[in-house]
file input09.txt (compact mmCIF, C-alpha atoms)
# COMPACT_ATOMS: atom_id res chain seq x y z
CA MET A 1 0.00 0.00 0.00
CA ASN A 2 1.24 3.45 -0.82
CA LYS A 3 1.94 5.45 2.32
CA PRO A 4 0.26 8.86 2.56
CA ILE A 5 2.48 11.88 2.23
CA LEU A 6 3.19 13.48 5.60
CA HIS A 7 4.66 16.81 4.56
CA ASP A 8 3.23 20.15 5.66
CA PRO A 9 2.68 22.36 2.59
CA LEU A 10 3.08 25.48 4.64
CA GLU A 11 6.46 24.66 5.61
CA ALA A 12 13.30 41.79 -9.08
CA LEU A 13 13.46 43.26 -9.61
CA LEU A 14 12.40 46.57 -8.02
CA ALA A 15 11.04 47.32 -4.59
CA ALA A 16 8.57 50.10 -5.18
CA PRO A 17 8.99 53.50 -3.59
CA SER A 18 6.22 54.53 -1.23
CA ALA A 19 2.92 55.01 -2.99
CA ARG A 20 0.42 57.71 -2.14
CA HIS A 21 -1.38 56.95 1.09
CA SER A 22 -4.97 58.03 1.50
CA ASP A 23 -6.05 60.40 4.22
CA SER A 24 -9.56 58.97 4.08
CA PRO A 25 -10.87 57.27 7.23
CA VAL A 26 -10.56 53.50 7.41
CA SER A 27 -14.36 53.27 7.33
CA GLU A 28 -14.36 54.79 3.83
CA ARG A 29 -11.88 52.33 2.34
CA ARG A 30 -13.09 49.43 0.23
CA ALA A 31 -12.80 45.81 1.22
CA ALA A 32 -9.85 44.32 -0.67
CA ASP A 33 -11.87 41.65 -2.45
CA VAL A 34 -14.45 44.22 -3.57
CA GLU A 35 -11.78 46.59 -4.93
CA MET A 36 -9.97 43.75 -6.70
CA ALA A 37 -13.18 42.58 -8.36
CA ARG A 38 -13.77 46.15 -9.55
CA ILE A 39 -10.38 46.69 -11.16
CA LEU A 40 -9.81 43.13 -12.41
CA LYS A 41 -13.30 42.98 -13.93
CA THR A 42 -13.70 39.27 -13.29
CA ALA A 43 -14.51 36.81 -10.53
CA PRO A 44 -11.84 34.84 -8.64
CA LEU A 45 -11.29 31.18 -9.47
CA GLN A 46 -11.29 30.49 -5.71
CA MET A 47 -12.15 32.70 -2.76
CA ALA A 48 -12.19 31.95 0.97
CA SER A 49 -12.43 34.37 3.85
CA ASP A 50 -13.58 34.99 7.39
CA PRO A 51 -13.89 38.22 9.36
CA SER A 52 -10.95 37.69 11.73
CA ASN A 53 -8.36 36.26 9.31
CA GLY A 54 -8.88 38.12 6.07
CA GLY A 55 -9.19 36.22 2.83
CA ILE A 56 -7.34 34.28 0.14
CA ALA A 57 -8.27 34.54 -3.53
CA HIS A 58 -6.91 33.03 -6.75
CA TRP A 59 -7.41 35.23 -9.81
CA LYS A 60 -6.60 34.99 -13.50
CA HIS A 61 -7.16 38.36 -15.14
CA GLY A 62 -6.39 40.26 -18.30
CA PRO A 63 -4.60 43.56 -18.89
CA LEU A 64 -5.04 46.20 -16.20
CA HIS A 65 -4.80 49.98 -16.59
CA ASP A 66 -6.49 51.53 -13.59
CA VAL A 67 -6.03 53.16 -10.20
CA VAL A 68 -6.27 50.89 -7.17
CA GLU A 69 -8.18 52.82 -4.54
CA PRO A 70 -7.37 52.58 -0.79
CA MET A 71 -8.32 49.23 0.77
CA THR A 72 -9.03 48.16 4.33
CA ASP A 73 -6.47 45.34 4.39
CA HIS A 74 -2.93 44.83 3.14
CA VAL A 75 -2.81 42.82 -0.10
CA ILE A 76 0.04 40.31 -0.50
CA MET A 77 0.41 38.69 -3.94
CA ALA A 78 2.31 35.79 -5.47
CA TYR A 79 2.31 34.45 -9.01
CA PRO A 80 2.02 30.67 -9.62
CA THR A 81 2.60 30.71 -13.38
CA GLY A 82 3.66 32.97 -16.21
CA VAL A 83 5.80 36.08 -16.56
CA GLN A 84 4.31 39.56 -16.87
CA ARG A 85 5.50 43.17 -16.61
CA LEU A 86 4.17 45.25 -13.70
CA GLU A 87 4.23 49.03 -13.49
CA ARG A 88 2.99 51.01 -10.49
CA ARG A 89 2.80 54.83 -10.46
CA ALA A 90 2.11 57.06 -7.46
CA GLY A 91 2.64 60.74 -8.12
CA LYS A 92 6.10 61.06 -9.72
CA SER A 93 7.27 57.69 -8.37
CA VAL A 94 7.39 54.74 -10.74
CA ALA A 95 8.13 51.13 -9.81
CA ILE A 96 8.60 48.43 -12.43
CA GLY A 97 8.80 44.72 -11.70
CA THR A 98 8.00 41.33 -13.15
CA ALA A 99 5.27 38.99 -11.99
CA ARG A 100 6.77 35.49 -11.85
CA SER A 101 7.23 32.60 -9.47
CA GLY A 102 9.33 33.47 -6.41
CA VAL A 103 8.41 37.15 -6.11
CA VAL A 104 5.76 39.03 -4.17
CA THR A 105 3.87 42.26 -4.58
CA ILE A 106 2.57 44.15 -1.54
CA ILE A 107 -0.06 46.88 -1.50
CA PRO A 108 -0.28 48.29 2.04
CA ALA A 109 -3.72 49.10 3.42
CA GLY A 110 -4.78 52.65 2.60
CA SER A 111 -2.34 53.15 -0.29
CA SER A 112 -3.37 54.10 -3.81
CA ALA A 113 -1.53 53.91 -7.12
CA ARG A 114 -2.08 53.48 -10.84
CA TRP A 115 -1.26 50.05 -12.22
CA ASP A 116 -0.40 49.19 -15.81
CA ILE A 117 -0.15 45.50 -16.65
CA PRO A 118 -0.16 44.72 -20.39
CA GLY A 119 -1.21 41.05 -20.38
CA LEU A 120 -2.60 38.06 -18.55
CA VAL A 121 -1.74 37.45 -14.89
CA ASP A 122 -2.18 34.38 -12.67
CA VAL A 123 -2.11 35.61 -9.05
CA ILE A 124 -2.79 34.43 -5.51
CA GLN A 125 -3.80 37.26 -3.17
CA LEU A 126 -3.89 37.29 0.62
CA TYR A 127 -5.94 40.04 2.27
CA LEU A 128 -4.11 40.60 5.54
CA PRO A 129 -5.72 42.67 8.30
CA GLN A 130 -3.51 45.10 10.21
CA THR A 131 -4.95 43.59 13.41
CA THR A 132 -3.37 40.25 12.45
CA LEU A 133 0.07 41.83 12.10
CA GLU A 134 -0.37 43.52 15.47
CA ARG A 135 -1.54 40.29 17.14
CA VAL A 136 1.34 38.21 15.75
CA ALA A 137 3.87 40.84 16.86
CA ARG A 138 2.28 41.00 20.32
CA GLU A 139 2.19 37.21 20.74
CA ALA A 140 5.83 36.97 19.69
CA GLU A 141 6.67 39.70 22.22
CA ALA A 142 8.05 41.83 19.38
CA PRO A 143 7.69 45.59 18.87
CA ALA A 144 4.55 46.94 17.26
CA PRO A 145 4.82 46.58 13.47
CA GLY A 146 6.13 49.48 11.40
CA ASP A 147 4.61 50.56 8.10
CA LEU A 148 4.59 47.96 5.35
CA LEU A 149 6.84 48.61 2.38
CA GLU A 150 5.41 48.81 -1.11
CA ARG A 151 6.74 45.88 -3.14
CA THR A 152 6.43 45.32 -6.88
CA GLY A 153 7.70 41.93 -8.05
CA HIS A 154 10.08 41.74 -5.09
CA PRO A 155 12.10 38.50 -4.64
CA ASP A 156 10.80 36.51 -1.66
CA PRO A 157 10.52 32.78 -2.42
CA VAL A 158 9.40 31.97 1.14
CA THR A 159 6.31 34.18 1.10
CA SER A 160 5.67 33.29 -2.53
CA GLY A 161 5.77 29.58 -1.71
CA LEU A 162 3.41 29.99 1.25
CA LEU A 163 0.84 31.82 -0.84
CA MET A 164 1.08 29.44 -3.78
CA SER A 165 0.37 26.51 -1.44
CA ALA A 166 -3.08 28.06 -0.93
CA ALA A 167 -4.09 27.21 -4.49
CA ASP A 168 -3.19 23.55 -3.92
CA VAL A 169 -4.53 23.00 -0.41
CA LEU A 170 -7.94 24.67 -0.31
CA GLU A 171 -9.72 21.37 -0.76
CA GLY A 172 -13.44 21.81 -0.19
CA ASN A 173 -13.48 20.83 3.49
CA ALA A 174 -14.71 23.70 5.67
CA VAL A 175 -12.88 22.66 8.85
CA LEU A 176 -9.58 21.85 7.19
CA ASP A 177 -9.67 24.89 4.94
CA ALA A 178 -10.39 27.27 7.82
CA LEU A 179 -7.55 25.82 9.89
CA PHE A 180 -5.20 26.06 6.91
CA ARG A 181 -6.11 29.69 6.21
CA GLN A 182 -5.62 30.65 9.86
CA ARG A 183 -2.15 29.12 9.97
CA LEU A 184 -1.16 30.43 6.54
CA THR A 185 -2.20 33.96 7.51
CA ASP A 186 -0.13 33.80 10.70
CA LEU A 187 2.92 32.45 8.85
CA VAL A 188 2.72 35.13 6.18
CA ALA A 189 2.21 37.80 8.84
CA THR A 190 5.36 36.60 10.60
CA ARG A 191 7.32 36.77 7.35
CA ILE A 192 5.95 40.21 6.50
CA LEU A 193 6.97 41.55 9.91
CA ALA A 194 10.48 40.13 9.47
CA GLU A 195 11.10 41.19 5.86
CA HIS A 196 8.67 43.82 4.60
CA THR A 197 8.30 46.62 7.13
CA GLY A 198 10.26 49.80 7.64
CA ALA A 199 11.49 48.41 10.98
CA PRO A 200 12.01 44.64 10.48
CA THR A 201 11.05 42.42 13.41
CA ALA A 202 13.52 39.89 14.81
CA PHE A 203 11.86 36.73 16.16
CA GLU A 204 13.73 34.96 18.92
CA PRO A 205 13.69 31.15 18.54
CA ILE A 206 11.86 29.36 21.36
CA MET A 207 12.25 25.62 21.86
CA GLY A 208 10.03 23.04 23.49
CA GLY A 209 6.76 21.31 22.70
CA LEU A 210 3.39 21.22 24.39
CA ALA A 211 2.97 19.84 27.88
CA PRO A 212 1.58 16.26 27.71
CA HIS A 213 -1.86 17.25 29.01
CA ALA A 214 -2.06 20.16 26.57
CA LEU A 215 -1.08 17.92 23.65
CA ARG A 216 -3.70 15.34 24.66
CA ARG A 217 -6.38 18.04 24.85
CA ALA A 218 -5.42 19.46 21.46
CA ILE A 219 -5.58 16.03 19.83
CA GLU A 220 -8.93 15.31 21.49
CA ARG A 221 -10.33 18.51 20.04
CA LEU A 222 -8.91 17.81 16.57
CA ARG A 223 -10.38 14.28 16.63
CA SER A 224 -13.81 15.47 17.78
CA ASP A 225 -16.95 15.79 15.71
CA SER A 226 -17.11 18.34 12.92
CA ASP A 227 -19.30 20.74 14.91
CA THR A 228 -16.61 21.18 17.58
CA ASP A 229 -14.55 24.36 17.31
CA VAL A 230 -11.11 23.37 16.03
CA SER A 231 -9.94 26.87 15.20
CA LEU A 232 -6.43 27.90 16.18
CA ALA A 233 -7.96 30.29 18.71
CA ALA A 234 -9.82 27.44 20.46
CA LEU A 235 -6.84 25.07 20.37
CA ALA A 236 -4.49 27.74 21.72
CA SER A 237 -6.95 28.77 24.44
CA ASP A 238 -7.18 25.17 25.70
CA ALA A 239 -3.40 25.08 25.99
CA GLY A 240 -3.21 28.49 27.66
CA LEU A 241 -1.00 29.81 24.87
CA SER A 242 -1.19 32.38 22.10
CA ARG A 243 -1.83 31.13 18.56
CA PHE A 244 1.77 31.94 17.67
CA HIS A 245 3.26 29.85 20.47
CA PHE A 246 0.68 27.07 20.26
CA CYS A 247 1.40 26.36 16.59
CA ARG A 248 5.14 26.34 17.19
CA ALA A 249 4.84 24.01 20.21
CA PHE A 250 2.33 21.68 18.50
CA LYS A 251 4.66 21.19 15.55
CA GLU A 252 7.60 20.65 17.92
CA SER A 253 5.59 17.87 19.62
CA THR A 254 4.06 16.17 16.56
CA GLY A 255 6.21 17.16 13.58
CA LEU A 256 3.13 18.60 11.86
CA SER A 257 1.13 21.79 11.99
CA PRO A 258 -2.42 21.45 13.40
CA HIS A 259 -3.82 21.63 9.88
CA ALA A 260 -1.48 18.95 8.54
CA TRP A 261 -2.17 16.72 11.57
CA LEU A 262 -5.95 16.99 11.09
CA ARG A 263 -5.65 16.40 7.35
CA GLN A 264 -3.65 13.23 8.03
CA HIS A 265 -6.23 12.10 10.61
CA ARG A 266 -9.07 12.64 8.12
CA LEU A 267 -7.13 10.67 5.52
CA GLU A 268 -6.77 7.75 7.93
CA GLN A 269 -10.51 7.91 8.66
CA ALA A 270 -11.22 7.85 4.94
CA MET A 271 -8.96 4.84 4.41
CA ASN A 272 -10.66 2.93 7.23
CA MET A 273 -14.11 3.61 5.79
CA LEU A 274 -13.06 2.71 2.27
CA ARG A 275 -11.40 -0.53 3.38
CA ASP A 276 -13.79 -1.72 6.10
CA THR A 277 -17.23 -0.60 4.90
CA ASP A 278 -19.30 -0.58 1.73
CA ALA A 279 -20.13 3.11 2.07
CA SER A 280 -20.17 4.97 -1.23
CA ILE A 281 -17.45 7.48 -2.03
CA ALA A 282 -20.05 10.25 -1.76
CA THR A 283 -21.02 9.03 1.73
CA VAL A 284 -17.40 8.93 2.87
CA ALA A 285 -16.89 12.45 1.53
CA ALA A 286 -19.94 13.76 3.37
CA GLU A 287 -19.01 11.99 6.63
CA LEU A 288 -15.59 13.67 6.58
CA GLY A 289 -16.97 17.12 5.88
CA TYR A 290 -16.13 17.57 2.20
CA ALA A 291 -18.42 19.76 0.14
CA SER A 292 -18.56 17.24 -2.70
CA GLN A 293 -17.31 13.86 -3.85
CA THR A 294 -15.15 15.68 -6.40
CA ALA A 295 -13.44 17.74 -3.69
CA PHE A 296 -12.82 14.65 -1.56
CA THR A 297 -11.44 12.68 -4.51
CA ALA A 298 -9.04 15.50 -5.42
CA ALA A 299 -7.81 15.83 -1.81
CA PHE A 300 -7.39 12.05 -1.40
CA ARG A 301 -5.45 11.81 -4.65
CA ARG A 302 -3.10 14.64 -3.69
CA LEU A 303 -2.11 12.77 -0.53
CA THR A 304 -1.98 9.19 -1.82
CA GLY A 305 -1.49 9.40 -5.58
CA GLU A 306 -4.68 7.37 -6.10
CA THR A 307 -8.38 8.03 -6.33
CA PRO A 308 -10.52 6.64 -3.46
CA SER A 309 -12.04 4.06 -5.82
CA ASP A 310 -8.65 2.83 -7.03
CA TRP A 311 -7.30 2.69 -3.47
CA ARG A 312 -10.36 0.70 -2.31
CA ARG A 313 -10.06 -1.84 -5.11
CA ARG A 314 -6.38 -2.36 -4.41
CA THR A 315 -6.66 -2.81 -0.64
CA ARG A 316 -9.76 -4.97 -0.26
call {"tool": "encode", "arguments": {"input": "input09.txt", "output": "structure tokens"}}
result
Amino acid sequence: MNKPILHDPLEALLAAPSARHSDSPVSERRAADVEMARILKTAPLQMASDPSNGGIAHWKHGPLHDVVEPMTDHVIMAYPTGVQRLERRAGKSVAIGTARSGVVTIIPAGSSARWDIPGLVDVIQLYLPQTTLERVAREAEAPAPGDLLERTGHPDPVTSGLLMSAADVLEGNAVLDALFRQRLTDLVATRILAEHTGAPTAFEPIMGGLAPHALRRAIERLRSDSDTDVSLAALASDAGLSRFHFCRAFKESTGLSPHAWLRQHRLEQAMNMLRDTDASIATVAAELGYASQTAFTAAFRRLTGETPSDWRRRTR
């Protein structure tokens, strides 16, 4: 039998000069997804969001010649495929870069600039709330974050890789997807604080895993029924830790992030049902919280290299 993959997927050009920042109140700024839909004139291929963690969207759009108006959240972008010229103008300042794998573009909240992009772009966007940056800095006992730097096709393979994993891992399971987005947002926020602010944040390494009772409680919650809160906030609260320190300690103890651990657990549940019962693939998908049989099949195949039907035939 093929063993499931146990990896955790989370694990220039020019930097733009400062763009014009709006003096308008935060309440008058547009939500990032709304502003992006306006200027890109299309709908995202995928979109997932929640009020406390911002959103992730995958877009493929055509040429762009427009002014991006001030937005409520920071927008962090990475480019899975293709190569395209980027030009950003703010007043007399001009920044030119190239959209390609391994670079990022950052539009700080409240900034505004004209963008000229002559052709097609494939882009993953993270809408990052300022409150998330402040929380991550606070939990890491670091100074309050400085202003984000404008970036236009700026080399950063780490952040680029994190964002591009979003396109592969959003898999149609509400619990898993929410946990993934929460962790991804925190990881990107940590990277942004360290590399893309006017006053970079230094994070001191802290060693040590969860206490045995805290690890047992976390695993109990992750194994519980789908209506139990398995958010990072709930898991961290049980352990008496911040989200930042809980995730680090959980991975130290188990070798996996909470999202990767739960995904592996759901895979094992799926294998048991496929091998030991006659439940249909659709029933297995529904029992494990997937939105559709198609979503479950795609997620199962990514982890095992086989479809659920092929795996069942081979192992029974």
call {"tool": "residues_around", "arguments": {"input": "input09.txt", "residues": "Thr42 in chain A", "least_positions_apart": "2", "cutoff": "9 Å", "atoms": "all atoms listed in the file", "output": "MDAnalysis selection string"}}
result
chainID A and resid 36:40 44 59:62
call {"tool": "atom_distance", "arguments": {"input": "input09.txt", "atom1": "CA of Gly172 in chain A", "atom2": "CA of His265 in chain A"}}
result
16.2 Å
call {"tool": "closest_residue", "arguments": {"input": "input09.txt", "among": "A:Arg221, A:His58, A:Arg248, A:Arg181", "to": "Ala43 in chain A", "atoms": "only C-alpha atoms"}}
result
A:His58
call {"tool": "residues_around", "arguments": {"input": "input09.txt", "residues": "Thr315 in chain A", "least_positions_apart": "5", "cutoff": "12 Å", "atoms": "only C-alpha atoms", "output": "MDAnalysis selection string"}}
result
chainID A and resid 1:2 271:276 306 308:310
call {"tool": "atom_distance", "arguments": {"input": "input09.txt", "atom1": "CA of Gln264 in chain A", "atom2": "CA of Ser231 in chain A"}}
result
16.6 Å
call {"tool": "residues_around", "arguments": {"input": "input09.txt", "residues": "Phe250 in chain A", "least_positions_apart": "3", "cutoff": "10 Å", "atoms": "all atoms listed in the file", "output": "PDB file with C-alpha atoms, keeping the file's coordinate frame"}}
result
ATOM      1  CA  GLY A 208      10.030  23.040  23.490  1.00  0.00           C
ATOM      2  CA  GLY A 209       6.760  21.310  22.700  1.00  0.00           C
ATOM      3  CA  LEU A 210       3.390  21.220  24.390  1.00  0.00           C
ATOM      4  CA  ALA A 211       2.970  19.840  27.880  1.00  0.00           C
ATOM      5  CA  ALA A 214      -2.060  20.160  26.570  1.00  0.00           C
ATOM      6  CA  LEU A 215      -1.080  17.920  23.650  1.00  0.00           C
ATOM      7  CA  ALA A 218      -5.420  19.460  21.460  1.00  0.00           C
ATOM      8  CA  ILE A 219      -5.580  16.030  19.830  1.00  0.00           C
ATOM      9  CA  LEU A 235      -6.840  25.070  20.370  1.00  0.00           C
ATOM     10  CA  ALA A 236      -4.490  27.740  21.720  1.00  0.00           C
ATOM     11  CA  HIS A 245       3.260  29.850  20.470  1.00  0.00           C
ATOM     12  CA  PHE A 246       0.680  27.070  20.260  1.00  0.00           C
ATOM     13  CA  CYS A 247       1.400  26.360  16.590  1.00  0.00           C
ATOM     14  CA  SER A 253       5.590  17.870  19.620  1.00  0.00           C
ATOM     15  CA  THR A 254       4.060  16.170  16.560  1.00  0.00           C
ATOM     16  CA  GLY A 255       6.210  17.160  13.580  1.00  0.00           C
ATOM     17  CA  LEU A 256       3.130  18.600  11.860  1.00  0.00           C
ATOM     18  CA  SER A 257       1.130  21.790  11.990  1.00  0.00           C
ATOM     19  CA  PRO A 258      -2.420  21.450  13.400  1.00  0.00           C
ATOM     20  CA  TRP A 261      -2.170  16.720  11.570  1.00  0.00           C
TER      21      TRP A 261
END
